[in-house]
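**Student:** File name protein-v3.pdb; file contents PDB, C-alpha atoms and all ligand atoms; full text below.
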ATOM      1  CA  MET A   1     -18.750 -62.538 -29.705  1.00  0.00           C
ATOM      2  CA  ASP A   2     -20.233 -61.251 -26.461  1.00  0.00           C
ATOM      3  CA  GLU A   3     -17.355 -61.941 -24.100  1.00  0.00           C
ATOM      4  CA  LEU A   4     -13.593 -61.976 -24.422  1.00  0.00           C
ATOM      5  CA  PHE A   5     -10.987 -63.106 -21.883  1.00  0.00           C
ATOM      6  CA  PHE A   6      -7.747 -61.269 -21.191  1.00  0.00           C
ATOM      7  CA  ILE A   7      -5.412 -63.870 -19.725  1.00  0.00           C
ATOM      8  CA  THR A   8      -3.085 -61.921 -17.451  1.00  0.00           C
ATOM      9  CA  SER A   9      -1.767 -61.875 -13.906  1.00  0.00           C
ATOM     10  CA  ASN A  10      -1.554 -58.089 -14.067  1.00  0.00           C
ATOM     11  CA  ARG A  11      -4.701 -56.261 -12.921  1.00  0.00           C
ATOM     12  CA  ASN A  12      -3.442 -52.874 -14.147  1.00  0.00           C
ATOM     13  CA  LYS A  13      -3.010 -54.144 -17.695  1.00  0.00           C
ATOM     14  CA  PHE A  14      -6.560 -55.474 -17.541  1.00  0.00           C
ATOM     15  CA  LEU A  15      -7.945 -52.128 -16.299  1.00  0.00           C
ATOM     16  CA  GLU A  16      -6.207 -50.211 -19.114  1.00  0.00           C
ATOM     17  CA  ILE A  17      -7.668 -52.372 -21.881  1.00  0.00           C
ATOM     18  CA  ASN A  18     -11.025 -52.768 -20.158  1.00  0.00           C
ATOM     19  CA  ASN A  19     -11.349 -48.975 -20.184  1.00  0.00           C
ATOM     20  CA  MET A  20     -11.016 -49.013 -23.976  1.00  0.00           C
ATOM     21  CA  PHE A  21     -13.556 -51.812 -24.392  1.00  0.00           C
ATOM     22  CA  ARG A  22     -16.058 -49.894 -22.263  1.00  0.00           C
ATOM     23  CA  THR A  23     -15.948 -46.961 -24.694  1.00  0.00           C
ATOM     24  CA  SER A  24     -15.147 -48.581 -28.072  1.00  0.00           C
ATOM     25  CA  LEU A  25     -16.625 -52.080 -27.909  1.00  0.00           C
ATOM     26  CA  LYS A  26     -19.469 -51.817 -25.403  1.00  0.00           C
ATOM     27  CA  HIS A  27     -21.267 -55.021 -26.351  1.00  0.00           C
ATOM     28  CA  VAL A  28     -18.218 -57.259 -25.776  1.00  0.00           C
ATOM     29  CA  LYS A  29     -17.655 -57.881 -22.064  1.00  0.00           C
ATOM     30  CA  LEU A  30     -13.975 -58.114 -21.183  1.00  0.00           C
ATOM     31  CA  LYS A  31     -13.183 -60.635 -18.443  1.00  0.00           C
ATOM     32  CA  ARG A  32      -9.901 -61.464 -16.760  1.00  0.00           C
ATOM     33  CA  ALA A  33      -8.526 -64.991 -16.404  1.00  0.00           C
ATOM     34  CA  ASP A  34      -5.256 -65.674 -14.618  1.00  0.00           C
ATOM     35  CA  ILE A  35      -4.127 -68.921 -16.238  1.00  0.00           C
ATOM     36  CA  LYS A  36      -0.502 -69.961 -15.846  1.00  0.00           C
ATOM     37  CA  LYS A  37       1.234 -69.711 -19.205  1.00  0.00           C
ATOM     38  CA  ILE A  38       4.629 -70.562 -20.576  1.00  0.00           C
ATOM     39  CA  GLU A  39       7.173 -67.922 -21.641  1.00  0.00           C
ATOM     40  CA  ILE A  40       9.964 -68.886 -24.003  1.00  0.00           C
ATOM     41  CA  GLN A  41      13.309 -67.071 -23.999  1.00  0.00           C
ATOM     42  CA  SER A  42      13.436 -64.810 -27.038  1.00  0.00           C
ATOM     43  CA  LYS A  43      14.339 -61.215 -27.867  1.00  0.00           C
ATOM     44  CA  ASN A  44      11.155 -60.992 -29.914  1.00  0.00           C
ATOM     45  CA  LEU A  45       7.962 -60.188 -27.972  1.00  0.00           C
ATOM     46  CA  GLU A  46       5.773 -61.332 -30.858  1.00  0.00           C
ATOM     47  CA  GLU A  47       7.411 -64.770 -30.841  1.00  0.00           C
ATOM     48  CA  ILE A  48       7.004 -65.006 -27.034  1.00  0.00           C
ATOM     49  CA  VAL A  49       3.343 -64.041 -26.993  1.00  0.00           C
ATOM     50  CA  ARG A  50       2.356 -66.155 -30.011  1.00  0.00           C
ATOM     51  CA  TYR A  51       4.039 -69.200 -28.499  1.00  0.00           C
ATOM     52  CA  ALA A  52       2.246 -68.585 -25.176  1.00  0.00           C
ATOM     53  CA  ALA A  53      -1.162 -68.339 -26.899  1.00  0.00           C
ATOM     54  CA  GLU A  54      -0.550 -71.525 -28.874  1.00  0.00           C
ATOM     55  CA  TRP A  55       0.688 -73.239 -25.707  1.00  0.00           C
ATOM     56  CA  ILE A  56      -2.596 -72.373 -23.947  1.00  0.00           C
ATOM     57  CA  LEU A  57      -4.555 -73.878 -26.839  1.00  0.00           C
ATOM     58  CA  GLU A  58      -2.477 -77.046 -26.871  1.00  0.00           C
ATOM     59  CA  ASN A  59      -2.126 -77.556 -23.128  1.00  0.00           C
ATOM     60  CA  THR A  60      -5.363 -76.363 -21.544  1.00  0.00           C
ATOM     61  CA  ASP A  61      -9.013 -76.846 -22.393  1.00  0.00           C
ATOM     62  CA  PHE A  62      -9.635 -73.080 -22.477  1.00  0.00           C
ATOM     63  CA  ARG A  63     -11.505 -72.476 -25.753  1.00  0.00           C
ATOM     64  CA  LYS A  64     -13.326 -69.180 -25.259  1.00  0.00           C
ATOM     65  CA  PRO A  65     -12.067 -66.213 -27.301  1.00  0.00           C
ATOM     66  CA  PHE A  66      -9.055 -64.806 -25.460  1.00  0.00           C
ATOM     67  CA  PHE A  67      -5.952 -62.704 -25.803  1.00  0.00           C
ATOM     68  CA  ILE A  68      -2.705 -62.335 -23.960  1.00  0.00           C
ATOM     69  CA  GLU A  69      -0.313 -59.414 -24.047  1.00  0.00           C
ATOM     70  CA  ASP A  70       3.401 -59.113 -23.498  1.00  0.00           C
ATOM     71  CA  ALA A  71       5.093 -55.775 -23.013  1.00  0.00           C
ATOM     72  CA  GLY A  72       8.585 -54.523 -22.323  1.00  0.00           C
ATOM     73  CA  LEU A  73      10.678 -51.407 -21.841  1.00  0.00           C
ATOM     74  CA  PHE A  74      13.531 -51.086 -24.358  1.00  0.00           C
ATOM     75  CA  ILE A  75      16.265 -48.559 -23.453  1.00  0.00           C
ATOM     76  CA  ASP A  76      18.369 -47.422 -26.434  1.00  0.00           C
ATOM     77  CA  ILE A  77      21.710 -46.860 -24.681  1.00  0.00           C
ATOM     78  CA  LEU A  78      21.407 -50.311 -23.061  1.00  0.00           C
ATOM     79  CA  ASN A  79      20.867 -51.938 -26.487  1.00  0.00           C
ATOM     80  CA  GLY A  80      17.200 -52.579 -25.750  1.00  0.00           C
ATOM     81  CA  PHE A  81      17.635 -53.914 -22.191  1.00  0.00           C
ATOM     82  CA  PRO A  82      15.506 -54.897 -20.264  1.00  0.00           C
ATOM     83  CA  GLY A  83      13.121 -55.600 -23.217  1.00  0.00           C
ATOM     84  CA  PRO A  84      11.632 -59.091 -22.866  1.00  0.00           C
ATOM     85  CA  TYR A  85      13.210 -59.356 -19.397  1.00  0.00           C
ATOM     86  CA  SER A  86      11.309 -56.343 -18.058  1.00  0.00           C
ATOM     87  CA  HIS A  87       9.240 -58.329 -15.567  1.00  0.00           C
ATOM     88  CA  TYR A  88      12.312 -60.002 -14.056  1.00  0.00           C
ATOM     89  CA  VAL A  89      14.314 -56.760 -14.013  1.00  0.00           C
ATOM     90  CA  TYR A  90      11.435 -54.926 -12.338  1.00  0.00           C
ATOM     91  CA  GLU A  91      11.221 -57.659  -9.692  1.00  0.00           C
ATOM     92  CA  THR A  92      14.983 -57.736  -9.083  1.00  0.00           C
ATOM     93  CA  ILE A  93      16.807 -54.404  -9.505  1.00  0.00           C
ATOM     94  CA  GLY A  94      13.580 -52.421  -9.961  1.00  0.00           C
ATOM     95  CA  ILE A  95      13.255 -48.780 -10.973  1.00  0.00           C
ATOM     96  CA  ASP A  96      16.190 -47.683  -8.793  1.00  0.00           C
ATOM     97  CA  GLY A  97      18.432 -50.271 -10.398  1.00  0.00           C
ATOM     98  CA  VAL A  98      17.529 -49.106 -13.907  1.00  0.00           C
ATOM     99  CA  LEU A  99      18.193 -45.482 -12.906  1.00  0.00           C
ATOM    100  CA  ARG A 100      21.564 -46.520 -11.442  1.00  0.00           C
ATOM    101  CA  LEU A 101      22.469 -48.270 -14.717  1.00  0.00           C
ATOM    102  CA  LEU A 102      21.783 -45.047 -16.623  1.00  0.00           C
ATOM    103  CA  GLY A 103      23.475 -42.771 -14.077  1.00  0.00           C
ATOM    104  CA  ASP A 104      23.800 -39.194 -15.365  1.00  0.00           C
ATOM    105  CA  ILE A 105      23.797 -40.156 -19.033  1.00  0.00           C
ATOM    106  CA  GLU A 106      22.115 -37.567 -21.274  1.00  0.00           C
ATOM    107  CA  LYS A 107      20.848 -40.012 -23.927  1.00  0.00           C
ATOM    108  CA  ARG A 108      17.791 -41.451 -22.172  1.00  0.00           C
ATOM    109  CA  ASP A 109      15.700 -42.508 -25.188  1.00  0.00           C
ATOM    110  CA  ALA A 110      13.546 -45.574 -24.705  1.00  0.00           C
ATOM    111  CA  LYS A 111      10.397 -47.209 -25.953  1.00  0.00           C
ATOM    112  CA  PHE A 112       7.669 -49.440 -24.632  1.00  0.00           C
ATOM    113  CA  LEU A 113       6.457 -52.225 -26.902  1.00  0.00           C
ATOM    114  CA  SER A 114       3.249 -54.189 -26.504  1.00  0.00           C
ATOM    115  CA  VAL A 115       2.243 -57.260 -28.482  1.00  0.00           C
ATOM    116  CA  ILE A 116      -1.199 -58.830 -28.206  1.00  0.00           C
ATOM    117  CA  ALA A 117      -1.873 -62.391 -29.359  1.00  0.00           C
ATOM    118  CA  PHE A 118      -5.614 -62.809 -29.930  1.00  0.00           C
ATOM    119  CA  TRP A 119      -7.325 -66.185 -30.391  1.00  0.00           C
ATOM    120  CA  ASP A 120     -10.421 -65.420 -32.423  1.00  0.00           C
ATOM    121  CA  GLY A 121     -11.786 -68.961 -32.162  1.00  0.00           C
ATOM    122  CA  HIS A 122      -9.960 -70.113 -35.319  1.00  0.00           C
ATOM    123  CA  LYS A 123      -6.491 -68.624 -35.411  1.00  0.00           C
ATOM    124  CA  VAL A 124      -4.017 -66.536 -33.425  1.00  0.00           C
ATOM    125  CA  VAL A 125      -3.616 -62.960 -34.714  1.00  0.00           C
ATOM    126  CA  THR A 126      -1.019 -60.528 -33.316  1.00  0.00           C
ATOM    127  CA  PHE A 127      -1.154 -56.731 -32.899  1.00  0.00           C
ATOM    128  CA  ILE A 128       1.788 -54.474 -32.022  1.00  0.00           C
ATOM    129  CA  GLY A 129       1.868 -51.077 -30.308  1.00  0.00           C
ATOM    130  CA  GLU A 130       4.843 -48.836 -29.586  1.00  0.00           C
ATOM    131  CA  VAL A 131       5.451 -45.572 -27.728  1.00  0.00           C
ATOM    132  CA  THR A 132       8.775 -43.736 -27.792  1.00  0.00           C
ATOM    133  CA  GLY A 133       9.968 -41.521 -24.972  1.00  0.00           C
ATOM    134  CA  LYS A 134      12.650 -40.880 -22.397  1.00  0.00           C
ATOM    135  CA  ILE A 135      13.684 -42.282 -19.028  1.00  0.00           C
ATOM    136  CA  ALA A 136      13.211 -39.669 -16.294  1.00  0.00           C
ATOM    137  CA  ARG A 137      16.084 -38.843 -13.933  1.00  0.00           C
ATOM    138  CA  CYS A 138      13.936 -39.586 -10.845  1.00  0.00           C
ATOM    139  CA  PRO A 139      10.656 -41.491 -10.390  1.00  0.00           C
ATOM    140  CA  ARG A 140       7.554 -39.259 -10.517  1.00  0.00           C
ATOM    141  CA  GLY A 141       3.866 -39.965  -9.975  1.00  0.00           C
ATOM    142  CA  SER A 142       1.790 -42.579  -8.216  1.00  0.00           C
ATOM    143  CA  HIS A 143      -0.555 -43.976 -10.871  1.00  0.00           C
ATOM    144  CA  GLY A 144      -0.069 -47.098 -12.951  1.00  0.00           C
ATOM    145  CA  PHE A 145       2.465 -49.835 -12.361  1.00  0.00           C
ATOM    146  CA  GLY A 146       5.907 -51.137 -13.247  1.00  0.00           C
ATOM    147  CA  PHE A 147       8.190 -48.605 -14.917  1.00  0.00           C
ATOM    148  CA  ASP A 148       5.441 -45.967 -15.275  1.00  0.00           C
ATOM    149  CA  PRO A 149       7.136 -43.548 -12.782  1.00  0.00           C
ATOM    150  CA  ILE A 150      10.237 -43.231 -15.001  1.00  0.00           C
ATOM    151  CA  PHE A 151       8.796 -43.263 -18.548  1.00  0.00           C
ATOM    152  CA  ILE A 152       7.965 -39.934 -20.231  1.00  0.00           C
ATOM    153  CA  PRO A 153       6.326 -40.348 -23.672  1.00  0.00           C
ATOM    154  CA  ASN A 154       7.664 -37.925 -26.282  1.00  0.00           C
ATOM    155  CA  GLU A 155       4.275 -36.224 -26.660  1.00  0.00           C
ATOM    156  CA  SER A 156       4.158 -35.185 -22.987  1.00  0.00           C
ATOM    157  CA  ASP A 157       6.239 -33.792 -20.106  1.00  0.00           C
ATOM    158  CA  LYS A 158       4.607 -36.112 -17.592  1.00  0.00           C
ATOM    159  CA  THR A 159       5.633 -39.647 -16.676  1.00  0.00           C
ATOM    160  CA  PHE A 160       2.994 -42.334 -17.237  1.00  0.00           C
ATOM    161  CA  ALA A 161       2.618 -42.497 -13.444  1.00  0.00           C
ATOM    162  CA  GLU A 162       1.610 -38.812 -13.396  1.00  0.00           C
ATOM    163  CA  MET A 163      -1.254 -39.584 -15.784  1.00  0.00           C
ATOM    164  CA  ASP A 164      -4.576 -41.171 -14.963  1.00  0.00           C
ATOM    165  CA  LEU A 165      -5.596 -44.242 -16.903  1.00  0.00           C
ATOM    166  CA  ASN A 166      -7.414 -42.280 -19.630  1.00  0.00           C
ATOM    167  CA  GLU A 167      -4.441 -40.019 -20.261  1.00  0.00           C
ATOM    168  CA  LYS A 168      -1.966 -42.918 -20.334  1.00  0.00           C
ATOM    169  CA  ASN A 169      -4.238 -44.587 -22.890  1.00  0.00           C
ATOM    170  CA  LEU A 170      -3.827 -41.567 -25.208  1.00  0.00           C
ATOM    171  CA  TYR A 171      -0.156 -42.458 -25.693  1.00  0.00           C
ATOM    172  CA  SER A 172       0.587 -45.957 -24.505  1.00  0.00           C
ATOM    173  CA  HIS A 173       1.997 -48.939 -26.367  1.00  0.00           C
ATOM    174  CA  ARG A 174      -0.768 -51.117 -24.900  1.00  0.00           C
ATOM    175  CA  SER A 175      -3.606 -48.835 -26.022  1.00  0.00           C
ATOM    176  CA  LYS A 176      -2.166 -48.768 -29.572  1.00  0.00           C
ATOM    177  CA  ALA A 177      -1.996 -52.567 -29.772  1.00  0.00           C
ATOM    178  CA  ALA A 178      -5.458 -52.867 -28.156  1.00  0.00           C
ATOM    179  CA  LYS A 179      -6.931 -50.344 -30.605  1.00  0.00           C
ATOM    180  CA  LYS A 180      -5.746 -52.503 -33.516  1.00  0.00           C
ATOM    181  CA  MET A 181      -7.378 -55.554 -31.923  1.00  0.00           C
ATOM    182  CA  ILE A 182     -10.621 -53.643 -31.243  1.00  0.00           C
ATOM    183  CA  ASP A 183     -10.709 -52.465 -34.896  1.00  0.00           C
ATOM    184  CA  TYR A 184     -10.112 -56.048 -36.031  1.00  0.00           C
ATOM    185  CA  ILE A 185     -12.914 -57.375 -33.832  1.00  0.00           C
ATOM    186  CA  SER A 186     -15.295 -54.621 -34.962  1.00  0.00           C
ATOM    187  CA  LYS A 187     -14.613 -55.192 -38.672  1.00  0.00           C
ATOM    188  CA  ILE A 188     -14.072 -58.928 -38.912  1.00  0.00           C
ATOM    189  CA  LEU A 189     -15.877 -60.621 -36.086  1.00  0.00           C
ATOM    190  CA  LEU A 190     -18.956 -58.626 -35.214  1.00  0.00           C
ATOM    191  CA  PRO A 191     -21.967 -58.953 -37.515  1.00  0.00           C
ATOM    192  CA  THR A 192     -22.630 -55.645 -39.314  1.00  0.00           C
ATOM    193  CA  LYS A 193     -26.073 -54.181 -38.686  1.00  0.00           C
ATOM    194  CA  SER A 194     -28.240 -53.759 -41.767  1.00  0.00           C
ATOM    195  CA  THR A 195     -29.178 -50.106 -42.270  1.00  0.00           C
ATOM    196  CA  ASN A 196     -31.965 -50.947 -44.725  1.00  0.00           C
ATOM    197  CA  SER A 197     -34.803 -52.752 -42.991  1.00  0.00           C
ATOM    198  CA  THR A 198     -36.817 -53.246 -46.196  1.00  0.00           C
ATOM    199  CA  CYS A 199     -34.448 -55.729 -47.821  1.00  0.00           C
TER
HETATM  200  P1  LIG B   1       1.229 -60.928 -17.608  1.00  0.00           P
HETATM  201  O1  LIG B   1       2.412 -61.467 -18.406  1.00  0.00           O
HETATM  202  O2  LIG B   1       0.641 -61.920 -16.659  1.00  0.00           O
HETATM  203  O3  LIG B   1       0.175 -60.316 -18.498  1.00  0.00           O
HETATM  204  P2  LIG B   1       3.212 -59.049 -16.505  1.00  0.00           P
HETATM  205  O4  LIG B   1       3.131 -58.061 -15.377  1.00  0.00           O
HETATM  206  O5  LIG B   1       4.285 -60.085 -16.425  1.00  0.00           O
HETATM  207  O6  LIG B   1       1.758 -59.700 -16.687  1.00  0.00           O
HETATM  208  P3  LIG B   1       4.392 -58.162 -19.012  1.00  0.00           P
HETATM  209  O7  LIG B   1       5.178 -59.408 -19.081  1.00  0.00           O
HETATM  210  O8  LIG B   1       3.627 -57.744 -20.207  1.00  0.00           O
HETATM  211  O9  LIG B   1       3.342 -58.216 -17.808  1.00  0.00           O
HETATM  212  O10 LIG B   1       5.295 -56.930 -18.627  1.00  0.00           O
HETATM  213  C1  LIG B   1       6.602 -57.081 -18.148  1.00  0.00           C
HETATM  214  C2  LIG B   1       6.949 -55.959 -17.218  1.00  0.00           C
HETATM  215  O11 LIG B   1       7.192 -54.769 -17.985  1.00  0.00           O
HETATM  216  C3  LIG B   1       5.880 -55.586 -16.228  1.00  0.00           C
HETATM  217  O12 LIG B   1       5.941 -56.390 -15.071  1.00  0.00           O
HETATM  218  C4  LIG B   1       6.234 -54.124 -15.928  1.00  0.00           C
HETATM  219  O13 LIG B   1       7.257 -54.063 -14.964  1.00  0.00           O
HETATM  220  C5  LIG B   1       6.769 -53.651 -17.269  1.00  0.00           C
HETATM  221  N1  LIG B   1       5.681 -52.997 -18.032  1.00  0.00           N
HETATM  222  C6  LIG B   1       4.963 -53.523 -19.045  1.00  0.00           C
HETATM  223  N2  LIG B   1       4.029 -52.647 -19.474  1.00  0.00           N
HETATM  224  C7  LIG B   1       4.178 -51.556 -18.703  1.00  0.00           C
HETATM  225  C8  LIG B   1       3.508 -50.325 -18.615  1.00  0.00           C
HETATM  226  O14 LIG B   1       2.469 -50.026 -19.390  1.00  0.00           O
HETATM  227  N3  LIG B   1       3.921 -49.449 -17.707  1.00  0.00           N
HETATM  228  C9  LIG B   1       4.949 -49.728 -16.885  1.00  0.00           C
HETATM  229  N4  LIG B   1       5.632 -50.857 -16.879  1.00  0.00           N
HETATM  230  C10 LIG B   1       5.242 -51.783 -17.778  1.00  0.00           C
END
With the file now loaded, output its structure as structure tokens.
Ligand code: ITT
**Tutor:**
Amino acid sequence: MDELFFITSNRNKFLEINNMFRTSLKHVKLKRADIKKIEIQSKNLEEIVRYAAEWILENTDFRKPFFIEDAGLFIDILNGFPGPYSHYVYETIGIDGVLRLLGDIEKRDAKFLSVIAFWDGHKVVTFIGEVTGKIARCPRGSHGFGFDPIFIPNESDKTFAEMDLNEKNLYSHRSKAAKKMIDYISKILLPTKSTNSTC
């Protein structure tokens, strides 16, 4: 495999994973394709992303190795809301709306989940990444996208938006899912180099 397509409308998501490919999987060129895909209603990101990958295979003639990724912010006190509806919630009530829903509440635990569905040319394989943290009281930082200004991973005092891309990748849900996919590609799909040239 010398090229792999990330099917996404979100340039920031592409940049985050591309950064990992450039250091961990140099000989596979990551490309972005923005193909319209279908999203079913489900609470389960893995179900949503697997269905979308299979839909692409059944309804388009795209047959190069590709993956798609679905992510969401799950807030404990809101029973996991917005979760799979994160895109819609971001577009409608946005960060301010989420902060209003939480008000002054002390319990601000949340997590980001990322699920990648990877078509390896034969089958769809999924990889999951998770990061736990807290919702900040006010937005901070200017990097990243989406809910980055209000998410503080437990291992840091900064919001994701106060981190550059490399630092966010140390903690993020997406980098954890992408690392599993990169390991899978390295072990399963890339030919291993022989270390003994005499046999
Ligand atoms: P594609 O489905 O085309 O890849 P998208 O922007 O819709 O792009 P998702 O469905 O995966 O991406 O994400 C849903 C929303 O969740 C996204 O629009 C953001 O508002 C939020 N989100 C996801 N990952 C995030 C992250 O790493 N940092 C901040 N917000 C994130």
**Student:** Rounded to one decimal place, report the atom CA of A:Leu113-atom CA of A:His173 distance in Å.
**Tutor:** 5.6 Å
**Student:** When you look at A:Ala33 with a cut-off of 8 Å (counting all atoms listed in the file), what residues show up, excluding the ones that are within fewer than 6 positions of it in the same chain? I need them as a ChimeraX atom specification.
**Tutor:** /A:5-9
**Student:** Take every atom of stretch 72-85 of chain A listed in the file, pad by 4 Å on each side, and give me the axis-aligned box centre and edge lengths in Å, one decimal, as lines of an AutoDock Vina configuration file.
**Tutor:**
center_x = 15.1
center_y = -53.1
center_z = -22.9
size_x = 21.1
size_y = 20.5
size_z = 15.1
**Student:** Could you please extract the residues within 6 Å of ligand LIG 1 (chain B), counting all atoms listed in the file, and hand them back as a count of residues only?
**Tutor:** 14
**Student:** Counting only C-alpha atoms, what is within 12 Å of A:Tyr88, bar same-chain residues fewer than 6 positions away, as JSON, numbers by chain?
**Tutor:** {"A": [72, 73, 81, 82, 94, 95, 146]}
